[in-house]
Amino acid sequence: PDDNREAILTHYLHSSEEEREPLKAEAIGYTKELLQYRYPDLDVTDKTAEEALQYGLFDFTDIPFMPNPEPKFKFIDLFAGIGGFRMAIQNIGGQCVFSSEWDKDAKITYRANFGETPYGDITKETTKSYIPDDFDILCAGFPCQAFSIAGRRGGFEDTRGTLFFDVAEIIRRKQPRAIFLENVKGLRSHDRGKTLTTILNVLRNDLGYYVPEPEIVNAKDFGVPQNRERIFIIGFHPDTGVTNFEYPKPSNEEVSFADIKEENVPPTKYYLSTVYLETLRKHKERHSQKSNGFGYEVIDDDNIANAIVCGGMGRERNLVLDCRITDFTPTTNIKGEVNREGIRKMTPREWARLQGYPDDFIIPVSDSAAYNQFGNSVAVPAIQAVAQEIIKALRISKENN
């Protein structure tokens, strides 16, 4: 079945009357299917399905982060993940009118918190066809998929086959007033700088946007205890008249791991076994003999975390000391015993806090999926601080025009 049907239905339910119209026929059709499945003896008509939608058969209001009832501007959320961009930009008055994400576990988390299932694969024309017109900001934490840069044209032709091309194509078609892109810090040096040069060439020369020099922004400068550097690329449509943009200054808020540490002792499953801890120590020792900085790290309460990432040594580089444990009985199958030193992994909730997610953010998936989702996410406060400057620039340009 079309994996966009649930997205159509949930977006329809959160849209205004005017925005609903393009989705109405498909929302009614899917509702009709659901009703016929649930009530096989009932003769379900289009009118029955429409009334079911109208009178709240599907209630998506019991969610922590409802859309703004009186939004100040509209945005779309591409490569949405679990909604870091959405969280940040809803916080400053934005309304998300389209979201897209292909990972099924991330979709579950997104829907649990925002009441909408994101549309699927943005590289498909069917998915692109649901993007509405007349939104203000295009947001995309697009993956740094391997770029194959020919280096001759340096424009659209050189980005074909990459996910950035799909973003650029949407910008070309929809002409948003502003664009807000995020990527790993390494994008700046990828292929000796050619990749970033090509991206900027597409945005500036092919699409005509004013794009200030991209900036490396660190999450630790915006109130979360995590050393997480990411490159932000901002752009403004020529019609806005914006020709100057300043990234936000650091908040200079003093933060440490202690600020986000679990209030109560976490379950025993988060504490490392003696065997695993010994393996990590040997691994670190082998690398230190070769003068490599690889290996596990224990973060003191008064320090800040390393960047949380999925895969590799993501969790082991952010171990913590928590001696509040009193029951050392293993709750999972481990080799050896639970270590008596109090060394444990951070919990998914602590990772959520490191990314600036509030505690009412629902984590409906397994620990393993949650670590991946928060590791892949953006740091909400950093996104929010930059987004506020984008809105400020757009507001000033509107006043001057």
# chains A, B, ... in the order shown; residues from 1 in each chain; ligands from 1
$ residues_around --residues "region 213-229 of chain A" --least-positions-apart "4" --cutoff "10 Å" --atoms "only C-alpha atoms" --output "MDAnalysis selection string"
chainID A and resid 181:186 188 196 200 233:235 245:260 302:309 351 353:357 378:386
$ write_last_selection --atoms "C-alpha atoms" --output "PDB file, in the first residue's frame"
ATOM      1  CA  LEU A 181      19.987  23.569   6.013  1.00  0.00           C
ATOM      2  CA  GLU A 182      22.015  21.598   8.563  1.00  0.00           C
ATOM      3  CA  ASN A 183      24.761  19.046   8.107  1.00  0.00           C
ATOM      4  CA  VAL A 184      27.828  17.524   9.747  1.00  0.00           C
ATOM      5  CA  LYS A 185      30.836  19.747  10.304  1.00  0.00           C
ATOM      6  CA  GLY A 186      32.846  17.580   7.892  1.00  0.00           C
ATOM      7  CA  ARG A 188      33.100  21.895   4.930  1.00  0.00           C
ATOM      8  CA  LEU A 196      30.364  22.684  -0.138  1.00  0.00           C
ATOM      9  CA  LEU A 200      26.738  27.029  -2.449  1.00  0.00           C
ATOM     10  CA  ILE A 233      23.594  26.983   5.683  1.00  0.00           C
ATOM     11  CA  ILE A 234      21.062  29.829   5.489  1.00  0.00           C
ATOM     12  CA  GLY A 235      19.575  31.381   2.357  1.00  0.00           C
ATOM     13  CA  PHE A 245      22.572  37.968   8.018  1.00  0.00           C
ATOM     14  CA  GLU A 246      24.240  37.473  11.376  1.00  0.00           C
ATOM     15  CA  TYR A 247      24.275  34.164  13.177  1.00  0.00           C
ATOM     16  CA  PRO A 248      23.230  34.294  16.841  1.00  0.00           C
ATOM     17  CA  LYS A 249      25.801  34.977  19.517  1.00  0.00           C
ATOM     18  CA  PRO A 250      26.432  32.205  22.088  1.00  0.00           C
ATOM     19  CA  SER A 251      24.129  32.368  25.091  1.00  0.00           C
ATOM     20  CA  ASN A 252      27.105  31.926  27.463  1.00  0.00           C
ATOM     21  CA  GLU A 253      24.949  29.819  29.743  1.00  0.00           C
ATOM     22  CA  GLU A 254      27.081  27.634  32.011  1.00  0.00           C
ATOM     23  CA  VAL A 255      25.932  24.020  31.646  1.00  0.00           C
ATOM     24  CA  SER A 256      27.286  20.600  32.612  1.00  0.00           C
ATOM     25  CA  PHE A 257      26.157  16.986  32.552  1.00  0.00           C
ATOM     26  CA  ALA A 258      24.866  17.388  36.125  1.00  0.00           C
ATOM     27  CA  ASP A 259      22.113  19.647  34.743  1.00  0.00           C
ATOM     28  CA  ILE A 260      20.592  16.839  32.700  1.00  0.00           C
ATOM     29  CA  ASP A 302      30.806  18.992  35.958  1.00  0.00           C
ATOM     30  CA  ASN A 303      31.896  18.435  32.331  1.00  0.00           C
ATOM     31  CA  ILE A 304      29.992  18.365  29.067  1.00  0.00           C
ATOM     32  CA  ALA A 305      29.316  15.366  26.863  1.00  0.00           C
ATOM     33  CA  ASN A 306      31.028  14.533  23.616  1.00  0.00           C
ATOM     34  CA  ALA A 307      28.823  14.679  20.534  1.00  0.00           C
ATOM     35  CA  ILE A 308      26.252  11.905  20.734  1.00  0.00           C
ATOM     36  CA  VAL A 309      26.228   9.836  17.566  1.00  0.00           C
ATOM     37  CA  TRP A 351      20.451  11.889  25.288  1.00  0.00           C
ATOM     38  CA  ARG A 353      18.086  16.341  27.126  1.00  0.00           C
ATOM     39  CA  LEU A 354      21.540  16.694  25.539  1.00  0.00           C
ATOM     40  CA  GLN A 355      19.729  17.600  22.323  1.00  0.00           C
ATOM     41  CA  GLY A 356      17.445  20.061  24.101  1.00  0.00           C
ATOM     42  CA  TYR A 357      14.237  18.027  24.007  1.00  0.00           C
ATOM     43  CA  VAL A 378      19.610  18.237  15.690  1.00  0.00           C
ATOM     44  CA  ALA A 379      20.212  20.190  18.899  1.00  0.00           C
ATOM     45  CA  VAL A 380      16.900  22.006  19.322  1.00  0.00           C
ATOM     46  CA  PRO A 381      18.171  25.158  21.111  1.00  0.00           C
ATOM     47  CA  ALA A 382      20.840  25.803  18.462  1.00  0.00           C
ATOM     48  CA  ILE A 383      18.274  25.433  15.670  1.00  0.00           C
ATOM     49  CA  GLN A 384      15.849  27.696  17.519  1.00  0.00           C
ATOM     50  CA  ALA A 385      18.429  30.445  18.059  1.00  0.00           C
ATOM     51  CA  VAL A 386      19.353  30.504  14.357  1.00  0.00           C
TER      52      VAL A 386
END
$ residues_around --residues "region 12-22 of chain A" --least-positions-apart "3" --cutoff "12 Å" --atoms "only C-alpha atoms" --output "PyMOL selection string"
chain A and resi 4-9+25-28+30-31+50+52-61+66-71+74+95-98+111+114-118+129-135
$ residues_around --residues "Leu277 (chain A)" --least-positions-apart "6" --cutoff "12 Å" --atoms "only C-alpha atoms" --output "MDAnalysis selection string"
chainID A and resid 271 283:284 295:298 316 319 334:345
